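Engineer: This is the content of final_6.cif (mmCIF, C-alpha atoms, pLDDT in the B column; chains and numbers go by the auth columns):
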data_query
#
loop_
_atom_site.group_PDB
_atom_site.id
_atom_site.type_symbol
_atom_site.label_atom_id
_atom_site.label_comp_id
_atom_site.label_asym_id
_atom_site.label_seq_id
_atom_site.Cartn_x
_atom_site.Cartn_y
_atom_site.Cartn_z
_atom_site.B_iso_or_equiv
_atom_site.auth_seq_id
_atom_site.auth_asym_id
ATOM 1 C CA MET A 1 -5.611 7.641 14.319 40.00 1 A
ATOM 2 C CA GLN A 2 -4.014 6.524 11.084 48.00 2 A
ATOM 3 C CA LYS A 3 -1.437 3.776 11.626 56.00 3 A
ATOM 4 C CA ILE A 4 2.036 4.804 10.431 65.00 4 A
ATOM 5 C CA PRO A 5 3.929 1.930 8.745 76.00 5 A
ATOM 6 C CA LYS A 6 6.980 0.644 10.574 83.00 6 A
ATOM 7 C CA SER A 7 9.083 1.286 7.486 86.00 7 A
ATOM 8 C CA ALA A 8 8.161 4.978 7.584 84.00 8 A
ATOM 9 C CA GLN A 9 8.984 5.107 11.295 85.00 9 A
ATOM 10 C CA LEU A 10 12.373 3.509 10.611 89.00 10 A
ATOM 11 C CA LEU A 11 12.983 6.118 7.907 90.00 11 A
ATOM 12 C CA ALA A 12 12.040 8.874 10.365 88.00 12 A
ATOM 13 C CA VAL A 13 14.675 7.646 12.832 89.00 13 A
ATOM 14 C CA ILE A 14 17.321 7.641 10.106 90.00 14 A
ATOM 15 C CA ALA A 15 16.147 11.034 8.789 89.00 15 A
ATOM 16 C CA LYS A 16 16.887 12.660 12.163 89.00 16 A
ATOM 17 C CA ARG A 17 20.615 12.107 11.569 86.00 17 A
ATOM 18 C CA ASP A 18 22.822 12.644 8.540 81.00 18 A
ATOM 19 C CA LEU A 19 24.338 9.202 8.751 89.00 19 A
ATOM 20 C CA VAL A 20 23.345 6.134 10.769 92.00 20 A
ATOM 21 C CA ARG A 21 25.509 3.092 11.347 93.00 21 A
ATOM 22 C CA HIS A 22 23.876 -0.307 10.901 93.00 22 A
ATOM 23 C CA GLY A 23 24.949 -1.350 14.406 92.00 23 A
ATOM 24 C CA ASN A 24 23.222 1.668 15.941 92.00 24 A
ATOM 25 C CA ILE A 25 19.976 1.239 14.037 91.00 25 A
ATOM 26 C CA ILE A 26 19.510 -2.411 15.059 91.00 26 A
ATOM 27 C CA LYS A 27 20.132 -1.476 18.717 91.00 27 A
ATOM 28 C CA ASP A 28 17.771 1.525 18.804 89.00 28 A
ATOM 29 C CA GLN A 29 15.455 0.820 21.754 89.00 29 A
ATOM 30 C CA ALA A 30 12.371 2.482 20.264 86.00 30 A
ATOM 31 C CA LEU A 31 12.782 0.525 17.022 88.00 31 A
ATOM 32 C CA LEU A 32 13.371 -2.752 18.885 88.00 32 A
ATOM 33 C CA GLU A 33 10.113 -2.278 20.784 87.00 33 A
ATOM 34 C CA MET A 34 8.229 -1.356 17.632 84.00 34 A
ATOM 35 C CA PHE A 35 9.548 -4.357 15.666 86.00 35 A
ATOM 36 C CA SER A 36 9.007 -6.901 18.452 83.00 36 A
ATOM 37 C CA ASP A 37 5.967 -9.098 18.104 74.00 37 A
ATOM 38 C CA ALA A 38 5.119 -12.800 17.950 58.00 38 A
ATOM 39 C CA ARG A 39 7.122 -13.460 14.785 67.00 39 A
ATOM 40 C CA THR A 40 9.980 -15.927 14.805 65.00 40 A
ATOM 41 C CA THR A 41 12.706 -13.503 13.688 76.00 41 A
ATOM 42 C CA THR A 42 14.325 -11.202 16.204 88.00 42 A
ATOM 43 C CA PRO A 43 13.452 -7.503 16.205 89.00 43 A
ATOM 44 C CA SER A 44 17.006 -6.533 15.227 90.00 44 A
ATOM 45 C CA ARG A 45 16.814 -8.912 12.229 90.00 45 A
ATOM 46 C CA ARG A 46 13.485 -7.393 11.176 90.00 46 A
ATOM 47 C CA ILE A 47 14.958 -3.875 11.461 92.00 47 A
ATOM 48 C CA ALA A 48 17.915 -4.935 9.297 92.00 48 A
ATOM 49 C CA ASP A 49 15.614 -6.585 6.733 93.00 49 A
ATOM 50 C CA THR A 50 13.373 -3.507 6.594 93.00 50 A
ATOM 51 C CA ALA A 51 16.379 -1.200 6.131 93.00 51 A
ATOM 52 C CA SER A 52 17.653 -3.455 3.343 93.00 52 A
ATOM 53 C CA LEU A 53 14.272 -3.414 1.622 93.00 53 A
ATOM 54 C CA LEU A 54 14.023 0.375 1.957 94.00 54 A
ATOM 55 C CA ALA A 55 17.453 0.667 0.330 94.00 55 A
ATOM 56 C CA LYS A 56 16.367 -1.578 -2.569 95.00 56 A
ATOM 57 C CA GLN A 57 13.262 0.584 -3.019 95.00 57 A
ATOM 58 C CA GLY A 58 15.367 3.757 -3.170 94.00 58 A
ATOM 59 C CA PHE A 59 14.332 5.262 0.165 94.00 59 A
ATOM 60 C CA LEU A 60 17.784 4.782 1.715 95.00 60 A
ATOM 61 C CA SER A 61 21.303 5.027 0.419 95.00 61 A
ATOM 62 C CA VAL A 62 23.776 2.477 1.762 95.00 62 A
ATOM 63 C CA GLY A 63 27.531 2.864 2.077 94.00 63 A
ATOM 64 C CA ILE A 64 30.496 1.517 4.002 94.00 64 A
ATOM 65 C CA ILE A 65 32.567 3.529 6.476 93.00 65 A
ATOM 66 C CA ASP A 66 35.303 1.869 8.550 92.00 66 A
ATOM 67 C CA SER A 67 34.061 -1.521 7.291 93.00 67 A
ATOM 68 C CA GLN A 68 30.595 -0.911 8.740 92.00 68 A
ATOM 69 C CA LYS A 69 27.374 -0.443 6.783 94.00 69 A
ATOM 70 C CA VAL A 70 25.859 3.049 7.050 94.00 70 A
ATOM 71 C CA TYR A 71 22.518 4.481 5.911 95.00 71 A
ATOM 72 C CA THR A 72 21.460 7.908 4.740 94.00 72 A
ATOM 73 C CA ILE A 73 17.996 8.902 3.676 94.00 73 A
ATOM 74 C CA THR A 74 17.351 9.781 0.027 94.00 74 A
ATOM 75 C CA LYS A 75 15.054 12.489 -1.321 92.00 75 A
ATOM 76 C CA LYS A 76 12.461 9.778 -2.028 92.00 76 A
ATOM 77 C CA GLY A 77 12.813 8.575 1.582 91.00 77 A
ATOM 78 C CA ARG A 78 12.391 12.088 2.962 89.00 78 A
ATOM 79 C CA GLU A 79 9.163 12.441 0.948 85.00 79 A
ATOM 80 C CA LYS A 80 7.871 9.189 2.478 84.00 80 A
ATOM 81 C CA VAL A 81 8.691 10.485 5.971 85.00 81 A
ATOM 82 C CA ASN A 82 6.891 13.768 5.244 78.00 82 A
ATOM 83 C CA ARG A 83 3.782 11.891 4.056 74.00 83 A
ATOM 84 C CA ALA A 84 3.832 9.722 7.176 74.00 84 A
ATOM 85 C CA GLU A 85 4.218 12.777 9.420 73.00 85 A
ATOM 86 C CA ALA A 86 1.280 14.439 7.695 67.00 86 A
ATOM 87 C CA MET A 87 -0.847 11.353 8.287 65.00 87 A
ATOM 88 C CA LYS A 88 -0.091 11.631 12.015 63.00 88 A
ATOM 89 C CA SER A 89 -1.909 14.925 12.011 60.00 89 A
ATOM 90 C CA VAL A 90 -5.028 13.443 10.426 60.00 90 A
ATOM 91 C CA ILE A 91 -8.098 14.543 12.280 60.00 91 A
ATOM 92 C CA THR A 92 -8.562 12.189 15.199 56.00 92 A
ATOM 93 C CA SER A 93 -10.912 14.186 17.393 62.00 93 A
ATOM 94 C CA ASP A 94 -14.245 12.626 18.098 63.00 94 A
ATOM 95 C CA ARG A 95 -15.544 15.833 19.658 80.00 95 A
ATOM 96 C CA TRP A 96 -17.761 17.934 17.470 86.00 96 A
ATOM 97 C CA ASP A 97 -17.712 21.668 18.169 89.00 97 A
ATOM 98 C CA GLY A 98 -20.989 22.298 16.306 91.00 98 A
ATOM 99 C CA ARG A 99 -19.266 23.627 13.193 94.00 99 A
ATOM 100 C CA TYR A 100 -18.521 22.155 9.800 95.00 100 A
ATOM 101 C CA TYR A 101 -15.188 22.514 8.039 95.00 101 A
ATOM 102 C CA LEU A 102 -15.218 22.750 4.275 97.00 102 A
ATOM 103 C CA VAL A 103 -12.097 22.502 2.153 96.00 103 A
ATOM 104 C CA THR A 104 -11.894 23.651 -1.421 96.00 104 A
ATOM 105 C CA PHE A 105 -8.954 24.103 -3.717 94.00 105 A
ATOM 106 C CA ASP A 106 -8.052 25.574 -7.067 92.00 106 A
ATOM 107 C CA ILE A 107 -5.160 23.618 -8.507 90.00 107 A
ATOM 108 C CA PRO A 108 -4.047 24.118 -12.120 87.00 108 A
ATOM 109 C CA GLU A 109 -4.493 21.326 -14.674 89.00 109 A
ATOM 110 C CA ASN A 110 -0.711 20.918 -14.970 90.00 110 A
ATOM 111 C CA LYS A 111 -0.710 19.761 -11.309 89.00 111 A
ATOM 112 C CA LYS A 112 -3.452 17.172 -11.789 90.00 112 A
ATOM 113 C CA VAL A 113 -1.433 14.450 -10.023 91.00 113 A
ATOM 114 C CA VAL A 114 -1.092 16.658 -6.936 91.00 114 A
ATOM 115 C CA ARG A 115 -4.815 17.491 -7.045 92.00 115 A
ATOM 116 C CA ASN A 116 -5.681 13.783 -7.136 91.00 116 A
ATOM 117 C CA GLN A 117 -3.294 13.057 -4.258 89.00 117 A
ATOM 118 C CA ILE A 118 -4.927 15.782 -2.157 91.00 118 A
ATOM 119 C CA ILE A 119 -8.338 14.189 -2.783 92.00 119 A
ATOM 120 C CA ILE A 120 -6.965 10.816 -1.651 87.00 120 A
ATOM 121 C CA ASP A 121 -5.465 12.460 1.447 86.00 121 A
ATOM 122 C CA LEU A 122 -8.773 14.146 2.319 90.00 122 A
ATOM 123 C CA LYS A 123 -10.665 10.867 1.973 88.00 123 A
ATOM 124 C CA ARG A 124 -8.143 9.103 4.215 81.00 124 A
ATOM 125 C CA ALA A 125 -8.567 11.897 6.759 84.00 125 A
ATOM 126 C CA GLY A 126 -12.318 11.217 6.891 86.00 126 A
ATOM 127 C CA PHE A 127 -13.602 14.051 4.702 92.00 127 A
ATOM 128 C CA ILE A 128 -16.625 13.470 2.496 94.00 128 A
ATOM 129 C CA ASN A 129 -17.357 15.084 -0.855 95.00 129 A
ATOM 130 C CA TYR A 130 -20.055 17.605 0.030 95.00 130 A
ATOM 131 C CA SER A 131 -20.347 19.121 -3.416 93.00 131 A
ATOM 132 C CA LYS A 132 -18.175 19.166 -6.530 91.00 132 A
ATOM 133 C CA GLY A 133 -14.820 20.491 -5.366 91.00 133 A
ATOM 134 C CA ILE A 134 -15.867 20.877 -1.722 96.00 134 A
ATOM 135 C CA TRP A 135 -14.822 18.425 0.993 96.00 135 A
ATOM 136 C CA LEU A 136 -16.415 18.363 4.436 96.00 136 A
ATOM 137 C CA SER A 137 -15.508 17.277 7.954 93.00 137 A
ATOM 138 C CA PRO A 138 -17.289 18.120 11.207 93.00 138 A
ATOM 139 C CA TYR A 139 -13.995 17.896 13.093 90.00 139 A
ATOM 140 C CA ASN A 140 -11.485 20.731 13.250 89.00 140 A
ATOM 141 C CA PRO A 141 -8.850 20.028 10.552 90.00 141 A
ATOM 142 C CA ILE A 142 -6.847 23.268 10.758 88.00 142 A
ATOM 143 C CA GLY A 143 -3.531 21.578 11.659 85.00 143 A
ATOM 144 C CA TYR A 144 -4.075 18.898 9.058 86.00 144 A
ATOM 145 C CA ILE A 145 -4.910 21.382 6.291 90.00 145 A
ATOM 146 C CA GLU A 146 -1.813 23.410 7.172 88.00 146 A
ATOM 147 C CA SER A 147 0.316 20.277 6.792 84.00 147 A
ATOM 148 C CA VAL A 148 -1.275 19.517 3.391 87.00 148 A
ATOM 149 C CA ARG A 149 -0.671 23.098 2.233 89.00 149 A
ATOM 150 C CA LYS A 150 2.950 22.896 3.332 85.00 150 A
ATOM 151 C CA ARG A 151 3.594 19.426 1.903 82.00 151 A
ATOM 152 C CA TYR A 152 2.331 20.347 -1.566 86.00 152 A
ATOM 153 C CA ASP A 153 3.486 23.987 -1.401 87.00 153 A
ATOM 154 C CA LEU A 154 -0.058 25.209 -2.131 89.00 154 A
ATOM 155 C CA LYS A 155 -0.678 27.734 0.640 88.00 155 A
ATOM 156 C CA LYS A 156 -2.809 30.027 -1.549 90.00 156 A
ATOM 157 C CA ASN A 157 -4.613 27.290 -3.480 93.00 157 A
ATOM 158 C CA ILE A 158 -6.299 25.425 -0.606 95.00 158 A
ATOM 159 C CA LYS A 159 -9.062 27.237 1.270 95.00 159 A
ATOM 160 C CA LEU A 160 -10.759 26.314 4.532 95.00 160 A
ATOM 161 C CA ILE A 161 -14.297 27.496 5.232 96.00 161 A
ATOM 162 C CA VAL A 162 -15.994 27.180 8.618 96.00 162 A
ATOM 163 C CA ALA A 163 -19.806 26.935 8.662 96.00 163 A
ATOM 164 C CA SER A 164 -22.334 26.672 11.459 94.00 164 A
ATOM 165 C CA HIS A 165 -25.209 25.340 9.327 94.00 165 A
ATOM 166 C CA LEU A 166 -25.477 23.333 6.116 94.00 166 A
ATOM 167 C CA GLU A 167 -28.338 22.612 3.774 91.00 167 A
ATOM 168 C CA ASP A 168 -28.243 18.823 4.241 89.00 168 A
ATOM 169 C CA GLU A 169 -27.296 18.985 7.902 92.00 169 A
ATOM 170 C CA ALA A 170 -29.437 16.082 9.137 92.00 170 A
ATOM 171 C CA LYS A 171 -27.984 13.729 6.522 93.00 171 A
ATOM 172 C CA ILE A 172 -24.423 14.828 7.360 93.00 172 A
ATOM 173 C CA LYS A 173 -25.007 14.407 11.090 92.00 173 A
ATOM 174 C CA ARG A 174 -26.230 10.852 10.466 90.00 174 A
ATOM 175 C CA HIS A 175 -23.235 10.098 8.249 90.00 175 A
ATOM 176 C CA PHE A 176 -20.759 11.210 10.928 87.00 176 A
ATOM 177 C CA LYS A 177 -22.917 9.771 13.746 87.00 177 A
ATOM 178 C CA LEU A 178 -23.322 13.182 15.356 86.00 178 A
ATOM 179 C CA VAL A 179 -26.958 12.590 16.364 78.00 179 A
ATOM 180 C CA SER A 180 -27.898 10.877 19.584 60.00 180 A
#
Would you mind giving the structure from this file in structure tokens?
Structural biologist:
Amino acid sequence: MQKIPKSAQLLAVIAKRDLVRHGNIIKDQALLEMFSDARTTTPSRRIADTASLLAKQGFLSVGIIDSQKVYTITKKGREKVNRAEAMKSVITSDRWDGRYYLVTFDIPENKKVVRNQIIIDLKRAGFINYSKGIWLSPYNPIGYIESVRKRYDLKKNIKLIVASHLEDEAKIKRHFKLVS
């Protein structure tokens, strides 16, 4: 499974609420456990430092209410959370159901950046380029493809094809270590 950065997990905690007080975020039990390791700084200090860095990077907005620091997530921060959530749904199954899943898409030239990002996402999810414009995985990616469609608002542009046999099947099976 793809490892989700701690900063994205911190953003996800803040995103669940409209406004989060600094005192509450550094006492959040799940965050304290996540940020505790062998480092010399305390987990609460690391949470505070990460929140400060996220604010400097534009993922969080910081304000003061009743003389206490508060955080809200920005649009840029929400996008980072959505990307991290999508990566959670990356195909993690190691069970092959005997079928191949092919993804193809038709994305206009004016959305070239989005098209390139989708290719990067597919590679990270373990897909291989089967043929020009066709990406292949032997593991069921239906949930993952739905999340990609939703994230990029391209429900009609991304197609999923399920196949039981492929021309270069032996080579593909070796690549994905599907042969005994």
Engineer: Would you compute the distance between atom CA of Leu54 of chain A and atom CA of Arg151 of chain A? Give it in Å to one decimal.
Structural biologist: 21.7 Å
Engineer: When you count only C-alpha atoms, which of these residues is closest to Val103 of chain A: A:Trp135, A:Phe127, A:Tyr144, A:Phe35?
Structural biologist: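 Among the listed residues, A:Trp135 lies closest to Val103 of chain A.
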Engineer: Evaluate the PyMOL selection byres ((chain A and resi 75-79) around 8) and record the selected residues as a list in words, following the chain and residue labels used in the document.
Structural biologist: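 Output of the PyMOL selection byres ((chain A and resi 75-79) around 8): Leu11, Ala15, Gly58, Phe59, Leu60, Ile73, Thr74, Lys80, Val81, Asn82 and Arg83 of chain A.
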Engineer: Which residue, A:Asn140, A:Gln29, A:Asn157, A:Ser131, has the smallest gap to Tyr101 of chain A when you use only C-alpha atoms?
Structural biologist: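 The answer is A:Asn140, which sits nearest to Tyr101 of chain A.
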Engineer: Have a look at atom CA of Arg45 of chain A and atom CA of His22 of chain A and let me know their distance in Å, one decimal.
Structural biologist: 11.2 Å
Engineer: Would you work out the distance separating atom CA of Leu31 of chain A from atom CA of Val62 of chain A, expressed in Å to one decimal?
Structural biologist: 18.9 Å
Engineer: Excluding Asp28 of chain A and residues on its chain fewer than 3 positions from it, collect all residues at most 12 Å away from it, counting all atoms listed in the file, and give them as a VMD selection string.
Structural biologist: chain A and resid 10 13 to 14 20 to 25 31 to 35 43 to 44 47 to 48
Engineer: Where does the PyMOL selection byres ((chain A and resi 107) around 12) land in this file, that is, which residues does it pick, as a list in words?
Structural biologist: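 Output of the PyMOL selection byres ((chain A and resi 107) around 12): Thr104, Phe105, Asp106, Pro108, Glu109, Asn110, Lys111, Lys112, Val113, Val114, Arg115, Asn116, Gln117, Ile118, Ile119, Gly133, Arg149, Tyr152, Asp153, Leu154, Lys155, Lys156, Asn157, Ile158 and Lys159 of chain A.
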Engineer: Here is a test: counting all atoms listed in the file, which residue of A:Arg99, A:Thr42, A:Thr50, A:Asp18 is nearest to Val70 of chain A?
Structural biologist: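 For Val70 of chain A, the nearest of the given residues is A:Asp18.
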Engineer: The PyMOL selection byres ((chain A and resi 162-176) around 9) on the file shown: which residues, as number ranges by chain?
Structural biologist: A: 98-103, 130, 137-138, 160-161, 177-179
Engineer: Would you please work out which residue, of A:Ala30, A:Ile145, A:Tyr139, A:Asp97, is nearest to Leu122 of chain A when using all atoms listed in the file?
Structural biologist: A:Ile145
Engineer: Taking only C-alpha atoms into account, which of A:Ile128, A:Leu19, A:Ile26, A:Ile134 comes nearest Gly63 of chain A?
Structural biologist: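 Using only C-alpha atoms, the shortest distance to Gly63 of chain A belongs to A:Leu19.
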Engineer: Kindly indicate which residue among A:Trp96, A:Ala12, A:Thr41, A:Ser7 lies nearest to Ala55 of chain A, using all atoms listed in the file for the distances.
Structural biologist: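 Of all the options, A:Ser7 lies closest to Ala55 of chain A.
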